[in-house]
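A.B. asks: For reference, the file data-v6.tsv (TSV, N, CA and C atoms) is included below:
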```
chain	number	residue	atom	x	y	z
A	30	MET	N	-14.19	-4.45	27.53
A	30	MET	CA	-14.05	-3.24	26.74
A	30	MET	C	-13.05	-2.33	27.43
A	31	HIS	N	-12.12	-1.80	26.66
A	31	HIS	CA	-11.07	-0.95	27.20
A	31	HIS	C	-11.43	0.52	27.02
A	32	GLU	N	-10.95	1.31	27.95
A	32	GLU	CA	-11.20	2.74	27.91
A	32	GLU	C	-10.37	3.38	26.80
A	33	LEU	N	-10.99	4.32	26.11
A	33	LEU	CA	-10.34	5.03	25.02
A	33	LEU	C	-9.18	5.86	25.58
A	34	PRO	N	-7.95	5.66	25.06
A	34	PRO	CA	-6.81	6.43	25.55
A	34	PRO	C	-7.00	7.93	25.28
A	35	ALA	N	-6.71	8.74	26.26
A	35	ALA	CA	-6.90	10.19	26.15
A	35	ALA	C	-6.10	10.80	25.01
A	36	GLU	N	-4.94	10.25	24.70
A	36	GLU	CA	-4.09	10.84	23.66
A	36	GLU	C	-4.70	10.74	22.26
A	37	LEU	N	-5.69	9.88	22.09
A	37	LEU	CA	-6.34	9.79	20.77
A	37	LEU	C	-7.09	11.07	20.43
A	38	ALA	N	-7.51	11.80	21.44
A	38	ALA	CA	-8.22	13.07	21.21
A	38	ALA	C	-7.33	14.09	20.52
A	39	ASN	N	-6.00	13.93	20.61
A	39	ASN	CA	-5.06	14.86	20.00
A	39	ASN	C	-4.72	14.53	18.55
A	40	ILE	N	-5.21	13.41	18.05
A	40	ILE	CA	-4.92	13.01	16.67
A	40	ILE	C	-5.99	13.58	15.76
A	41	ALA	N	-5.57	14.50	14.91
A	41	ALA	CA	-6.51	15.15	14.01
A	41	ALA	C	-6.91	14.21	12.87
A	42	ALA	N	-8.12	14.35	12.44
A	42	ALA	CA	-8.56	13.62	11.25
A	42	ALA	C	-7.85	14.21	10.04
A	43	PRO	N	-7.63	13.43	9.00
A	43	PRO	CA	-7.03	13.99	7.79
A	43	PRO	C	-7.90	15.14	7.27
A	44	PRO	N	-7.27	16.16	6.69
A	44	PRO	CA	-8.04	17.34	6.26
A	44	PRO	C	-9.08	17.04	5.18
A	45	TYR	N	-8.91	15.98	4.44
A	45	TYR	CA	-9.85	15.63	3.37
A	45	TYR	C	-10.99	14.74	3.86
A	46	ALA	N	-10.96	14.34	5.13
A	46	ALA	CA	-12.01	13.46	5.67
A	46	ALA	C	-13.30	14.24	5.84
A	47	LEU	N	-14.36	13.75	5.23
A	47	LEU	CA	-15.67	14.38	5.36
A	47	LEU	C	-16.48	13.75	6.48
A	48	GLN	N	-16.16	12.52	6.83
A	48	GLN	CA	-16.82	11.82	7.93
A	48	GLN	C	-15.78	10.98	8.66
A	49	VAL	N	-15.80	11.03	9.97
A	49	VAL	CA	-14.85	10.28	10.79
A	49	VAL	C	-15.65	9.47	11.82
A	50	GLU	N	-15.43	8.18	11.81
A	50	GLU	CA	-16.09	7.29	12.77
A	50	GLU	C	-15.35	7.36	14.11
A	51	PRO	N	-15.98	6.90	15.19
A	51	PRO	CA	-15.30	6.85	16.48
A	51	PRO	C	-14.14	5.86	16.47
A	52	TRP	N	-13.18	6.08	17.36
A	52	TRP	CA	-12.05	5.17	17.51
A	52	TRP	C	-12.58	3.81	18.00
A	53	VAL	N	-11.96	2.73	17.50
A	53	VAL	CA	-12.33	1.39	17.94
A	53	VAL	C	-11.08	0.64	18.36
A	54	ASP	N	-11.27	-0.24	19.32
A	54	ASP	CA	-10.21	-1.11	19.81
A	54	ASP	C	-10.11	-2.29	18.84
A	55	GLU	N	-9.15	-2.23	17.93
A	55	GLU	CA	-9.06	-3.20	16.83
A	55	GLU	C	-8.84	-4.63	17.30
A	56	THR	N	-8.03	-4.81	18.32
A	56	THR	CA	-7.67	-6.16	18.75
A	56	THR	C	-8.42	-6.62	19.99
A	57	GLY	N	-9.14	-5.70	20.63
A	57	GLY	CA	-9.90	-6.06	21.82
A	57	GLY	C	-9.09	-6.09	23.09
A	58	ASP	N	-7.79	-5.77	22.99
A	58	ASP	CA	-6.95	-5.80	24.20
A	58	ASP	C	-6.48	-4.41	24.63
A	59	GLY	N	-6.99	-3.37	23.97
A	59	GLY	CA	-6.65	-2.00	24.34
A	59	GLY	C	-5.32	-1.51	23.83
A	60	THR	N	-4.65	-2.29	22.96
A	60	THR	CA	-3.32	-1.88	22.50
A	60	THR	C	-3.30	-1.30	21.08
A	61	THR	N	-4.33	-1.56	20.29
A	61	THR	CA	-4.34	-1.12	18.90
A	61	THR	C	-5.67	-0.45	18.59
A	62	TRP	N	-5.60	0.85	18.27
A	62	TRP	CA	-6.81	1.63	18.02
A	62	TRP	C	-6.79	2.16	16.60
A	63	GLY	N	-7.98	2.33	16.02
A	63	GLY	CA	-8.09	2.90	14.69
A	63	GLY	C	-9.50	3.42	14.46
A	64	ARG	N	-9.66	4.15	13.35
A	64	ARG	CA	-10.99	4.65	13.01
A	64	ARG	C	-11.14	4.75	11.50
A	65	PHE	N	-12.36	4.56	11.06
A	65	PHE	CA	-12.69	4.59	9.64
A	65	PHE	C	-13.01	6.02	9.24
A	66	ILE	N	-12.52	6.43	8.08
A	66	ILE	CA	-12.80	7.78	7.57
A	66	ILE	C	-13.37	7.67	6.17
A	67	ARG	N	-14.19	8.64	5.82
A	67	ARG	CA	-14.75	8.71	4.47
A	67	ARG	C	-14.46	10.08	3.90
A	68	GLY	N	-14.22	10.09	2.59
A	68	GLY	CA	-13.98	11.35	1.88
A	68	GLY	C	-15.00	11.52	0.77
A	69	THR	N	-14.53	11.98	-0.34
A	69	THR	CA	-15.39	12.29	-1.48
A	69	THR	C	-16.22	11.10	-1.92
A	70	ARG	N	-17.48	11.34	-2.21
A	70	ARG	CA	-18.39	10.32	-2.73
A	70	ARG	C	-18.89	10.77	-4.09
A	71	ARG	N	-18.81	9.86	-5.06
A	71	ARG	CA	-19.32	10.13	-6.40
A	71	ARG	C	-20.33	9.05	-6.75
A	72	ALA	N	-21.42	9.42	-7.42
A	72	ALA	CA	-22.43	8.43	-7.76
A	72	ALA	C	-22.97	8.69	-9.16
A	73	THR	N	-23.24	7.63	-9.86
A	73	THR	CA	-23.90	7.69	-11.16
A	73	THR	C	-24.40	6.30	-11.52
A	74	ALA	N	-25.48	6.25	-12.25
A	74	ALA	CA	-26.00	5.01	-12.84
A	74	ALA	C	-26.16	3.86	-11.84
A	75	GLY	N	-26.62	4.15	-10.63
A	75	GLY	CA	-26.83	3.09	-9.65
A	75	GLY	C	-25.57	2.59	-8.97
A	76	ALA	N	-24.46	3.30	-9.15
A	76	ALA	CA	-23.19	2.92	-8.52
A	76	ALA	C	-22.61	4.14	-7.82
A	77	GLU	N	-21.84	3.88	-6.78
A	77	GLU	CA	-21.15	4.99	-6.12
A	77	GLU	C	-19.74	4.55	-5.73
A	78	VAL	N	-18.83	5.50	-5.83
A	78	VAL	CA	-17.46	5.26	-5.41
A	78	VAL	C	-17.13	6.30	-4.34
A	79	THR	N	-16.60	5.81	-3.23
A	79	THR	CA	-16.29	6.66	-2.09
A	79	THR	C	-14.83	6.49	-1.72
A	80	ARG	N	-14.15	7.61	-1.52
A	80	ARG	CA	-12.78	7.54	-1.02
A	80	ARG	C	-12.87	7.28	0.48
A	81	CYS	N	-12.16	6.27	0.96
A	81	CYS	CA	-12.23	5.85	2.35
A	81	CYS	C	-10.82	5.64	2.90
A	82	GLY	N	-10.76	5.32	4.16
A	82	GLY	CA	-9.48	4.99	4.75
A	82	GLY	C	-9.63	4.52	6.18
A	83	TRP	N	-8.53	4.03	6.70
A	83	TRP	CA	-8.45	3.60	8.09
A	83	TRP	C	-7.29	4.35	8.72
A	84	GLN	N	-7.58	5.12	9.75
A	84	GLN	CA	-6.54	5.90	10.44
A	84	GLN	C	-6.13	5.17	11.70
A	85	SER	N	-4.82	4.98	11.85
A	85	SER	CA	-4.30	4.32	13.04
A	85	SER	C	-4.09	5.33	14.16
A	86	ALA	N	-3.85	4.83	15.35
A	86	ALA	CA	-3.57	5.69	16.50
A	86	ALA	C	-2.26	6.45	16.33
A	87	TYR	N	-1.44	6.05	15.35
A	87	TYR	CA	-0.19	6.77	15.06
A	87	TYR	C	-0.45	7.92	14.10
A	88	GLY	N	-1.68	8.04	13.61
A	88	GLY	CA	-2.04	9.11	12.69
A	88	GLY	C	-1.92	8.72	11.22
A	89	THR	N	-1.31	7.58	10.93
A	89	THR	CA	-1.16	7.16	9.54
A	89	THR	C	-2.52	6.71	8.99
A	90	VAL	N	-2.69	6.88	7.69
A	90	VAL	CA	-3.95	6.53	7.06
A	90	VAL	C	-3.69	5.58	5.89
A	91	GLU	N	-4.41	4.50	5.88
A	91	GLU	CA	-4.40	3.56	4.76
A	91	GLU	C	-5.60	3.93	3.90
A	92	ARG	N	-5.35	4.44	2.69
A	92	ARG	CA	-6.42	4.95	1.84
A	92	ARG	C	-6.85	3.93	0.79
A	93	HIS	N	-8.12	3.97	0.43
A	93	HIS	CA	-8.65	3.13	-0.64
A	93	HIS	C	-9.95	3.75	-1.14
A	94	ALA	N	-10.51	3.16	-2.15
A	94	ALA	CA	-11.82	3.56	-2.64
A	94	ALA	C	-12.76	2.37	-2.49
A	95	SER	N	-14.01	2.67	-2.25
A	95	SER	CA	-15.03	1.64	-2.12
A	95	SER	C	-16.04	1.85	-3.24
A	96	LEU	N	-16.28	0.81	-4.00
A	96	LEU	CA	-17.25	0.86	-5.09
A	96	LEU	C	-18.44	0.00	-4.73
A	97	CYS	N	-19.61	0.59	-4.66
A	97	CYS	CA	-20.84	-0.14	-4.38
A	97	CYS	C	-21.80	0.07	-5.54
A	98	ALA	N	-22.39	-1.01	-6.00
A	98	ALA	CA	-23.31	-0.92	-7.14
A	98	ALA	C	-24.53	-1.80	-6.91
A	99	ASN	N	-25.67	-1.29	-7.31
A	99	ASN	CA	-26.89	-2.08	-7.32
A	99	ASN	C	-26.88	-2.94	-8.57
A	100	ASP	N	-27.72	-3.93	-8.59
A	100	ASP	CA	-27.83	-4.79	-9.76
A	100	ASP	C	-28.71	-4.08	-10.79
A	101	VAL	N	-28.10	-3.18	-11.55
A	101	VAL	CA	-28.82	-2.38	-12.54
A	101	VAL	C	-28.19	-2.58	-13.91
A	102	HIS	N	-28.99	-2.38	-14.91
A	102	HIS	CA	-28.48	-2.42	-16.28
A	102	HIS	C	-28.20	-0.99	-16.70
A	103	ILE	N	-27.02	-0.75	-17.25
A	103	ILE	CA	-26.68	0.61	-17.66
A	103	ILE	C	-26.29	0.61	-19.13
A	104	ASP	N	-26.59	1.72	-19.78
A	104	ASP	CA	-26.27	1.83	-21.20
A	104	ASP	C	-24.85	2.36	-21.37
A	105	ALA	N	-24.43	2.50	-22.60
A	105	ALA	CA	-23.05	2.91	-22.89
A	105	ALA	C	-22.73	4.29	-22.30
A	106	ALA	N	-23.66	5.22	-22.40
A	106	ALA	CA	-23.40	6.57	-21.87
A	106	ALA	C	-23.21	6.54	-20.36
A	107	GLU	N	-24.07	5.77	-19.65
A	107	GLU	CA	-23.94	5.67	-18.20
A	107	GLU	C	-22.65	4.97	-17.81
A	108	LEU	N	-22.28	3.97	-18.59
A	108	LEU	CA	-21.03	3.25	-18.33
A	108	LEU	C	-19.83	4.18	-18.50
A	109	ARG	N	-19.87	5.05	-19.48
A	109	ARG	CA	-18.80	6.05	-19.66
A	109	ARG	C	-18.75	7.03	-18.49
A	110	ARG	N	-19.94	7.46	-18.00
A	110	ARG	CA	-19.95	8.36	-16.83
A	110	ARG	C	-19.36	7.66	-15.62
A	111	LEU	N	-19.71	6.39	-15.41
A	111	LEU	CA	-19.16	5.63	-14.30
A	111	LEU	C	-17.64	5.50	-14.44
A	112	ALA	N	-17.18	5.21	-15.65
A	112	ALA	CA	-15.74	5.11	-15.88
A	112	ALA	C	-15.05	6.43	-15.54
A	113	GLY	N	-15.66	7.53	-15.91
A	113	GLY	CA	-15.09	8.84	-15.58
A	113	GLY	C	-15.02	9.08	-14.08
A	114	GLU	N	-16.07	8.68	-13.36
A	114	GLU	CA	-16.07	8.83	-11.90
A	114	GLU	C	-14.97	7.98	-11.27
A	115	LEU	N	-14.78	6.77	-11.78
A	115	LEU	CA	-13.74	5.90	-11.25
A	115	LEU	C	-12.35	6.47	-11.52
A	116	LEU	N	-12.15	7.02	-12.71
A	116	LEU	CA	-10.86	7.65	-13.02
A	116	LEU	C	-10.61	8.85	-12.12
A	117	ASP	N	-11.65	9.66	-11.88
A	117	ASP	CA	-11.50	10.80	-10.98
A	117	ASP	C	-11.13	10.35	-9.56
A	118	ALA	N	-11.76	9.28	-9.10
A	118	ALA	CA	-11.45	8.75	-7.76
A	118	ALA	C	-10.01	8.24	-7.71
A	119	ALA	N	-9.57	7.57	-8.77
A	119	ALA	CA	-8.18	7.08	-8.81
A	119	ALA	C	-7.20	8.24	-8.81
A	120	ASP	N	-7.50	9.28	-9.56
A	120	ASP	CA	-6.63	10.47	-9.57
A	120	ASP	C	-6.55	11.10	-8.19
A	121	GLU	N	-7.69	11.16	-7.49
A	121	GLU	CA	-7.72	11.73	-6.16
A	121	GLU	C	-6.86	10.92	-5.19
A	122	LEU	N	-6.95	9.60	-5.27
A	122	LEU	CA	-6.12	8.75	-4.41
A	122	LEU	C	-4.64	8.95	-4.74
A	123	ASP	N	-4.32	9.04	-6.02
A	123	ASP	CA	-2.92	9.26	-6.42
A	123	ASP	C	-2.38	10.56	-5.84
A	124	GLN	N	-3.20	11.58	-5.78
A	124	GLN	CA	-2.76	12.87	-5.25
A	124	GLN	C	-2.51	12.81	-3.75
A	125	LEU	N	-3.23	11.93	-3.06
A	125	LEU	CA	-3.09	11.83	-1.60
A	125	LEU	C	-2.01	10.86	-1.18
A	126	ASP	N	-1.68	9.92	-2.03
A	126	ASP	CA	-0.79	8.84	-1.66
A	126	ASP	C	0.08	8.47	-2.84
A	127	ASP	N	1.32	8.10	-2.58
A	127	ASP	CA	2.23	7.73	-3.66
A	127	ASP	C	1.95	6.36	-4.24
A	128	GLY	N	1.28	5.50	-3.47
A	128	GLY	CA	1.04	4.13	-3.93
A	128	GLY	C	-0.13	4.05	-4.90
A	129	PRO	N	-0.26	2.90	-5.57
A	129	PRO	CA	-1.37	2.71	-6.49
A	129	PRO	C	-2.68	2.64	-5.73
A	130	PRO	N	-3.78	3.13	-6.32
A	130	PRO	CA	-5.06	3.08	-5.64
A	130	PRO	C	-5.57	1.65	-5.51
A	131	ARG	N	-6.26	1.38	-4.41
A	131	ARG	CA	-6.91	0.09	-4.23
A	131	ARG	C	-8.40	0.32	-4.30
A	132	LEU	N	-9.11	-0.67	-4.71
A	132	LEU	CA	-10.55	-0.55	-4.85
A	132	LEU	C	-11.22	-1.70	-4.15
A	133	ALA	N	-12.07	-1.39	-3.19
A	133	ALA	CA	-12.88	-2.40	-2.52
A	133	ALA	C	-14.24	-2.42	-3.18
A	134	VAL	N	-14.73	-3.57	-3.53
A	134	VAL	CA	-15.99	-3.67	-4.24
A	134	VAL	C	-17.02	-4.35	-3.35
A	135	CYS	N	-18.23	-3.78	-3.32
A	135	CYS	CA	-19.32	-4.42	-2.58
A	135	CYS	C	-20.54	-4.43	-3.48
A	136	ARG	N	-21.47	-5.26	-3.16
A	136	ARG	CA	-22.74	-5.29	-3.87
A	136	ARG	C	-23.84	-4.92	-2.90
A	137	ALA	N	-24.78	-4.15	-3.39
A	137	ALA	CA	-25.89	-3.73	-2.54
A	137	ALA	C	-26.59	-4.96	-1.96
A	138	GLY	N	-26.97	-4.86	-0.72
A	138	GLY	CA	-27.67	-5.96	-0.07
A	138	GLY	C	-26.77	-7.00	0.54
A	139	ARG	N	-25.45	-6.82	0.44
A	139	ARG	CA	-24.52	-7.78	1.04
A	139	ARG	C	-23.74	-7.14	2.13
```
Here is a file; write its structure as structure tokens.

C.D. replies:
Amino acid sequence: MHELPAELANIAAPPYALQVEPWVDETGDGTTWGRFIRGTRRATAGAEVTRCGWQSAYGTVERHASLCANDVHIDAAELRRLAGELLDAADELDQLDDGPPRLAVCRAGR
């Protein structure tokens, strides 16, 4: 395990980050460091979408959204609410980054 470089303490979290994980040694050799960040979380109908990202030691952030859903049955109204939440998350990513939003999907229990 390598010691955390002191200069990482000077790298500010992005202003929209609501939660910042500790720095981790990505490669295990002490040369590449990064940390996971979380932003806005939206939930409806047994599903949640969270704006996330990975911040490098250079300060750059790779942004994406994470969609997690339980195995639930939802009706048309709930499905429309979920669609609205997803569109809001995509709009938020577009405002933060020029590139198209990416979506990581997970299933509860996995």

A.B. asks: Could you please determine the separation between atom CA of A:Thr79 and atom CA of A:Ile103 in Å, to one decimal place?

C.D. replies: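 Interatomic distance, atom CA of A:Thr79 to atom CA of A:Ile103: 19.7 Å.
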
A.B. asks: Could you tell me, as a ChimeraX atom specification, which residues of stretch 36-139 of chain A DSSP assigns to strand (DSSP E or B) when given the backbone?

C.D. replies: /A:48-49,53-54,62-73,76-85,90-98,132-136

A.B. asks: Go ahead and compute the interatomic distance for atom N of A:Val53 and atom CA of A:Ala72, in Å to one decimal.

C.D. replies: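 About the pair atom N of A:Val53 and atom CA of A:Ala72: they are 27.9 Å apart.
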
A.B. asks: Compute the distance from (-19.1, 2.7, -1.0) to each atom, counting only C-alpha atoms, keep the residues with any atom at most 6 Å away, and return them as a list of chain:residue names; use the coordinates of the file.

C.D. replies: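 With a cut-off of 6 Å, the residues come to A:Glu77, A:Val78, A:Thr79, A:Ser95, A:Leu96, A:Cys97.
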
A.B. asks: What is the distance between atom N of A:Gln48 and atom CA of A:Asp120, in Å to one decimal?

C.D. replies: 19.1 Å

A.B. asks: Would you list the contacts of A:Ala76 as an mmCIF file with N, CA and C atoms, keeping the file's coordinate frame, taking every protein, DNA or RNA residue within 6.5 Å and counting only N, CA and C atoms, but skipping same-chain residues closer than 5 positions in sequence?

C.D. replies:
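Written out: selection-v1.cif:
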```cif
data_model
loop_
_atom_site.group_PDB
_atom_site.id
_atom_site.type_symbol
_atom_site.label_atom_id
_atom_site.label_comp_id
_atom_site.auth_asym_id
_atom_site.auth_seq_id
_atom_site.Cartn_x
_atom_site.Cartn_y
_atom_site.Cartn_z
ATOM 1 N N ARG A 71 -18.810 9.860 -5.060
ATOM 2 C CA ARG A 71 -19.320 10.130 -6.400
ATOM 3 C C ARG A 71 -20.330 9.050 -6.750
ATOM 4 N N CYS A 97 -19.610 0.590 -4.660
ATOM 5 C CA CYS A 97 -20.840 -0.140 -4.380
ATOM 6 C C CYS A 97 -21.800 0.070 -5.540
ATOM 7 N N ALA A 98 -22.390 -1.010 -6.000
ATOM 8 C CA ALA A 98 -23.310 -0.920 -7.140
ATOM 9 C C ALA A 98 -24.530 -1.800 -6.910
ATOM 10 N N ASN A 99 -25.670 -1.290 -7.310
ATOM 11 C CA ASN A 99 -26.890 -2.080 -7.320
ATOM 12 C C ASN A 99 -26.880 -2.940 -8.570
#
```
